[in-house]
Structures are given as structure tokens and as C-alpha cells.
>>> print(open('target.pdb').read())   # PDB, C-alpha atoms
ATOM      1  CA  MET T  34      -1.440  -0.813   9.950  1.00  0.00           C
ATOM      2  CA  ARG T  35      -3.107   0.391   6.728  1.00  0.00           C
ATOM      3  CA  LEU T  36      -0.751   1.116   3.841  1.00  0.00           C
ATOM      4  CA  GLY T  37      -1.082   2.991   0.563  1.00  0.00           C
ATOM      5  CA  LEU T  38       1.578   1.896  -1.916  1.00  0.00           C
ATOM      6  CA  SER T  39       2.233   3.613  -5.262  1.00  0.00           C
ATOM      7  CA  TYR T  40       4.538   1.983  -7.793  1.00  0.00           C
ATOM      8  CA  HIS T  41       5.448   3.861 -10.981  1.00  0.00           C
ATOM      9  CA  LEU T  42       5.327   0.790 -13.215  1.00  0.00           C
ATOM     10  CA  LEU T  43       3.275   2.143 -16.134  1.00  0.00           C
ATOM     11  CA  PRO T  44       4.532   4.499 -18.855  1.00  0.00           C
ATOM     12  CA  ASP T  45       1.545   6.824 -18.293  1.00  0.00           C
ATOM     13  CA  GLY T  46       0.866   6.365 -14.580  1.00  0.00           C
ATOM     14  CA  PHE T  47       1.290   4.154 -11.560  1.00  0.00           C
ATOM     15  CA  VAL T  48      -0.148   1.125  -9.793  1.00  0.00           C
ATOM     16  CA  TYR T  49      -1.721   1.847  -6.382  1.00  0.00           C
ATOM     17  CA  TYR T  50      -2.231  -0.787  -3.685  1.00  0.00           C
ATOM     18  CA  SER T  51      -4.406  -0.250  -0.622  1.00  0.00           C
ATOM     19  CA  ALA T  52      -2.990  -2.765   1.837  1.00  0.00           C
ATOM     20  CA  TYR T  53      -2.803  -3.947   5.419  1.00  0.00           C
ATOM     21  CA  GLU T  54       0.322  -5.140   7.168  1.00  0.00           C
ATOM     22  CA  VAL T  55       0.193  -8.719   8.446  1.00  0.00           C
ATOM     23  CA  GLN T  56       2.520 -10.625  10.738  1.00  0.00           C
ATOM     24  CA  GLY T  57       3.760 -14.049   9.668  1.00  0.00           C
ATOM     25  CA  GLU T  58       2.106 -16.047   6.945  1.00  0.00           C
ATOM     26  CA  GLN T  59      -1.540 -15.402   6.116  1.00  0.00           C
ATOM     27  CA  PRO T  60      -3.643 -17.217   3.521  1.00  0.00           C
ATOM     28  CA  LEU T  61      -4.550 -15.014   0.546  1.00  0.00           C
ATOM     29  CA  ILE T  62      -8.210 -14.537  -0.303  1.00  0.00           C
ATOM     30  CA  GLU T  63      -9.060 -15.156  -3.956  1.00  0.00           C
ATOM     31  CA  GLY T  64      -8.293 -12.051  -6.020  1.00  0.00           C
ATOM     32  CA  MET T  65      -5.739 -10.676  -3.533  1.00  0.00           C
ATOM     33  CA  VAL T  66      -2.020 -10.347  -4.203  1.00  0.00           C
ATOM     34  CA  GLU T  67       0.948 -10.420  -1.843  1.00  0.00           C
ATOM     35  CA  VAL T  68       3.317  -7.436  -1.864  1.00  0.00           C
ATOM     36  CA  ASN T  69       6.610  -7.583   0.034  1.00  0.00           C
ATOM     37  CA  VAL T  70       8.194  -4.208   0.776  1.00  0.00           C
ATOM     38  CA  PRO T  71      11.861  -4.494   1.814  1.00  0.00           C
ATOM     39  CA  GLU T  72      13.049  -2.496   4.813  1.00  0.00           C
ATOM     40  CA  MET T  73      14.571   0.923   4.067  1.00  0.00           C
ATOM     41  CA  THR T  74      12.692   1.258   0.747  1.00  0.00           C
ATOM     42  CA  TYR T  75       9.663   3.223   1.932  1.00  0.00           C
ATOM     43  CA  LEU T  76       8.537   6.442   3.598  1.00  0.00           C
ATOM     44  CA  VAL T  77       6.115   6.655   6.512  1.00  0.00           C
ATOM     45  CA  THR T  78       3.903   9.722   6.921  1.00  0.00           C
ATOM     46  CA  LYS T  79       0.547  10.617   8.488  1.00  0.00           C
ATOM     47  CA  HIS T  80      -2.474  11.947   6.636  1.00  0.00           C
ATOM     48  CA  LYS T  81      -5.533  13.427   8.304  1.00  0.00           C
ATOM     49  CA  GLY T  82      -8.362  12.449   5.983  1.00  0.00           C
ATOM     50  CA  GLY T  83     -11.253  14.732   5.302  1.00  0.00           C
ATOM     51  CA  ILE T  84     -13.825  15.846   2.805  1.00  0.00           C
ATOM     52  CA  LEU T  85     -12.543  17.910  -0.132  1.00  0.00           C
ATOM     53  CA  LYS T  86     -14.483  21.142  -0.633  1.00  0.00           C
ATOM     54  CA  SER T  87     -14.548  22.884  -3.969  1.00  0.00           C
TER
END
>>> encode(input="target.pdb", output="C-alpha cells")
Amino acid sequence: MRLGLSYHLLPDGFVYYSAYEVQGEQPLIEGMVEVNVPEMTYLVTKHKGGILKS
């Protein structure tokens, strides 16, 4: 499952993570970080991607 996580940690914005869910322990590739999201602290929704037209 692909995840988009936004955390409002900055005074003038937020930190965005583009992530993938993994099962069990996985080794981290250099430069990657681990983010644990506790149950019942997130929202799941669907988004149909597309090209923005101006």
C-alpha cells in the first residue's frame, strides 16, 4: 500500500512523506527513515490521480 503522510511539524508548513507499508522488519536503505503510525491516528481515503489542466 502506498501512503502519503503529512505532519504539521514546521511553523510555516508541514513535512510530507511518500511511503510504502511493509510487513515485519525490513532493512532501511541508506537515506530512508522509518515512520511508525499508530492505529486509530490516521484517515484512509482514495484519490484518482490525473493531469491538472489550467
>>> resolve_selection(input="target.pdb", expression="the PyMOL selection byres ((chain T and resi 37) around 6)", output="list of chain:residue names")
T:Leu36, T:Leu38, T:Tyr50, T:Ser51
>>> residues_around(input="target.pdb", residues="T:Val48", least_positions_apart="6", cutoff="10 Å", atoms="only C-alpha atoms", output="list in words")
Leu38, Ser39, Tyr40, His41 and Leu42 of chain T
>>> axis_aligned_box(input="target.pdb", around="stretch 73-84 of chain T", padding_each_side="6 Å", output="lines of an AutoDock Vina configuration file")
center_x = 0.4
center_y = 8.4
center_z = 4.6
size_x = 40.4
size_y = 26.9
size_z = 19.7
>>> closest_residue(input="target.pdb", among="T:Asp45, T:Gly83, T:Arg35, T:Glu54", to="T:Val68", atoms="only C-alpha atoms")
T:Glu54
>>> atom_distance(input="target.pdb", atom1="atom CA of T:Val55", atom2="atom CA of T:Val70")
12.0 Å
>>> atom_distance(input="target.pdb", atom1="atom CA of T:Ala52", atom2="atom CA of T:Lys81")
17.6 Å
>>> atom_distance(input="target.pdb", atom1="atom CA of T:Tyr75", atom2="atom CA of T:Leu61")
23.2 Å
>>> closest_residue(input="target.pdb", among="T:Lys86, T:Gly46, T:Tyr53, T:Met34", to="T:Val66", atoms="only C-alpha atoms")
T:Tyr53
>>> build_atoms(input="target.pdb", residues="stretch 41-52 of chain T", atoms="all heavy atoms", output="compact mmCIF listing (two decimals), in the frame of the given file")
# COMPACT_ATOMS: atom_id res chain seq x y z
N HIS T 41 5.44 3.27 -9.64
CA HIS T 41 5.45 3.86 -10.98
C HIS T 41 5.93 2.81 -11.98
O HIS T 41 7.08 2.80 -12.40
CB HIS T 41 6.30 5.13 -11.00
CG HIS T 41 5.73 6.20 -10.15
ND1 HIS T 41 4.90 7.17 -10.65
CD2 HIS T 41 5.80 6.43 -8.82
CE1 HIS T 41 4.50 7.95 -9.67
NE2 HIS T 41 5.04 7.52 -8.55
N LEU T 42 5.02 1.92 -12.35
CA LEU T 42 5.33 0.79 -13.22
C LEU T 42 4.78 0.96 -14.62
O LEU T 42 5.12 0.20 -15.51
CB LEU T 42 4.73 -0.51 -12.63
CG LEU T 42 5.18 -0.85 -11.21
CD1 LEU T 42 4.40 -2.06 -10.69
CD2 LEU T 42 6.67 -1.13 -11.19
N LEU T 43 3.91 1.94 -14.84
CA LEU T 43 3.28 2.14 -16.13
C LEU T 43 3.87 3.36 -16.83
O LEU T 43 4.23 4.34 -16.17
CB LEU T 43 1.76 2.35 -15.95
CG LEU T 43 1.03 1.26 -15.17
CD1 LEU T 43 -0.41 1.68 -14.90
CD2 LEU T 43 1.07 -0.05 -15.92
N PRO T 44 3.96 3.36 -18.15
CA PRO T 44 4.53 4.50 -18.86
C PRO T 44 3.71 5.78 -18.67
O PRO T 44 4.26 6.88 -18.71
CB PRO T 44 4.55 4.08 -20.33
CG PRO T 44 3.86 2.78 -20.42
CD PRO T 44 3.60 2.26 -19.04
N ASP T 45 2.41 5.64 -18.41
CA ASP T 45 1.54 6.82 -18.29
C ASP T 45 0.90 6.93 -16.91
O ASP T 45 -0.13 7.58 -16.75
CB ASP T 45 0.48 6.80 -19.38
CG ASP T 45 -0.40 5.56 -19.29
OD1 ASP T 45 -0.03 4.62 -18.58
OD2 ASP T 45 -1.47 5.54 -19.93
N GLY T 46 1.46 6.28 -15.91
CA GLY T 46 0.87 6.36 -14.58
C GLY T 46 1.52 5.42 -13.59
O GLY T 46 2.69 5.07 -13.74
N PHE T 47 0.74 5.01 -12.60
CA PHE T 47 1.29 4.15 -11.56
C PHE T 47 0.25 3.13 -11.13
O PHE T 47 -0.92 3.24 -11.44
CB PHE T 47 1.75 4.99 -10.36
CG PHE T 47 0.66 5.82 -9.74
CD1 PHE T 47 -0.11 5.31 -8.70
CD2 PHE T 47 0.38 7.10 -10.20
CE1 PHE T 47 -1.12 6.06 -8.13
CE2 PHE T 47 -0.62 7.86 -9.63
CZ PHE T 47 -1.37 7.34 -8.59
N VAL T 48 0.72 2.14 -10.38
CA VAL T 48 -0.15 1.12 -9.79
C VAL T 48 -0.26 1.46 -8.31
O VAL T 48 0.75 1.69 -7.64
CB VAL T 48 0.44 -0.29 -9.97
CG1 VAL T 48 -0.42 -1.33 -9.28
CG2 VAL T 48 0.59 -0.62 -11.45
N TYR T 49 -1.49 1.52 -7.79
CA TYR T 49 -1.72 1.85 -6.38
C TYR T 49 -2.30 0.64 -5.66
O TYR T 49 -3.25 0.02 -6.15
CB TYR T 49 -2.68 3.03 -6.25
CG TYR T 49 -2.94 3.42 -4.82
CD1 TYR T 49 -2.03 4.20 -4.12
CD2 TYR T 49 -4.08 2.98 -4.16
CE1 TYR T 49 -2.25 4.54 -2.80
CE2 TYR T 49 -4.31 3.33 -2.83
CZ TYR T 49 -3.39 4.10 -2.16
OH TYR T 49 -3.61 4.43 -0.86
N TYR T 50 -1.72 0.30 -4.52
CA TYR T 50 -2.23 -0.79 -3.68
C TYR T 50 -2.73 -0.19 -2.37
O TYR T 50 -2.02 0.59 -1.74
CB TYR T 50 -1.14 -1.80 -3.34
CG TYR T 50 -0.62 -2.59 -4.51
CD1 TYR T 50 0.52 -2.17 -5.19
CD2 TYR T 50 -1.25 -3.74 -4.94
CE1 TYR T 50 1.02 -2.90 -6.27
CE2 TYR T 50 -0.76 -4.48 -6.02
CZ TYR T 50 0.37 -4.05 -6.67
OH TYR T 50 0.85 -4.77 -7.72
N SER T 51 -3.92 -0.55 -1.96
CA SER T 51 -4.41 -0.25 -0.62
C SER T 51 -4.23 -1.54 0.16
O SER T 51 -4.80 -2.57 -0.21
CB SER T 51 -5.88 0.17 -0.67
OG SER T 51 -6.34 0.45 0.62
N ALA T 52 -3.41 -1.52 1.21
CA ALA T 52 -2.99 -2.76 1.84
C ALA T 52 -3.02 -2.67 3.36
O ALA T 52 -3.12 -1.59 3.93
CB ALA T 52 -1.57 -3.08 1.38
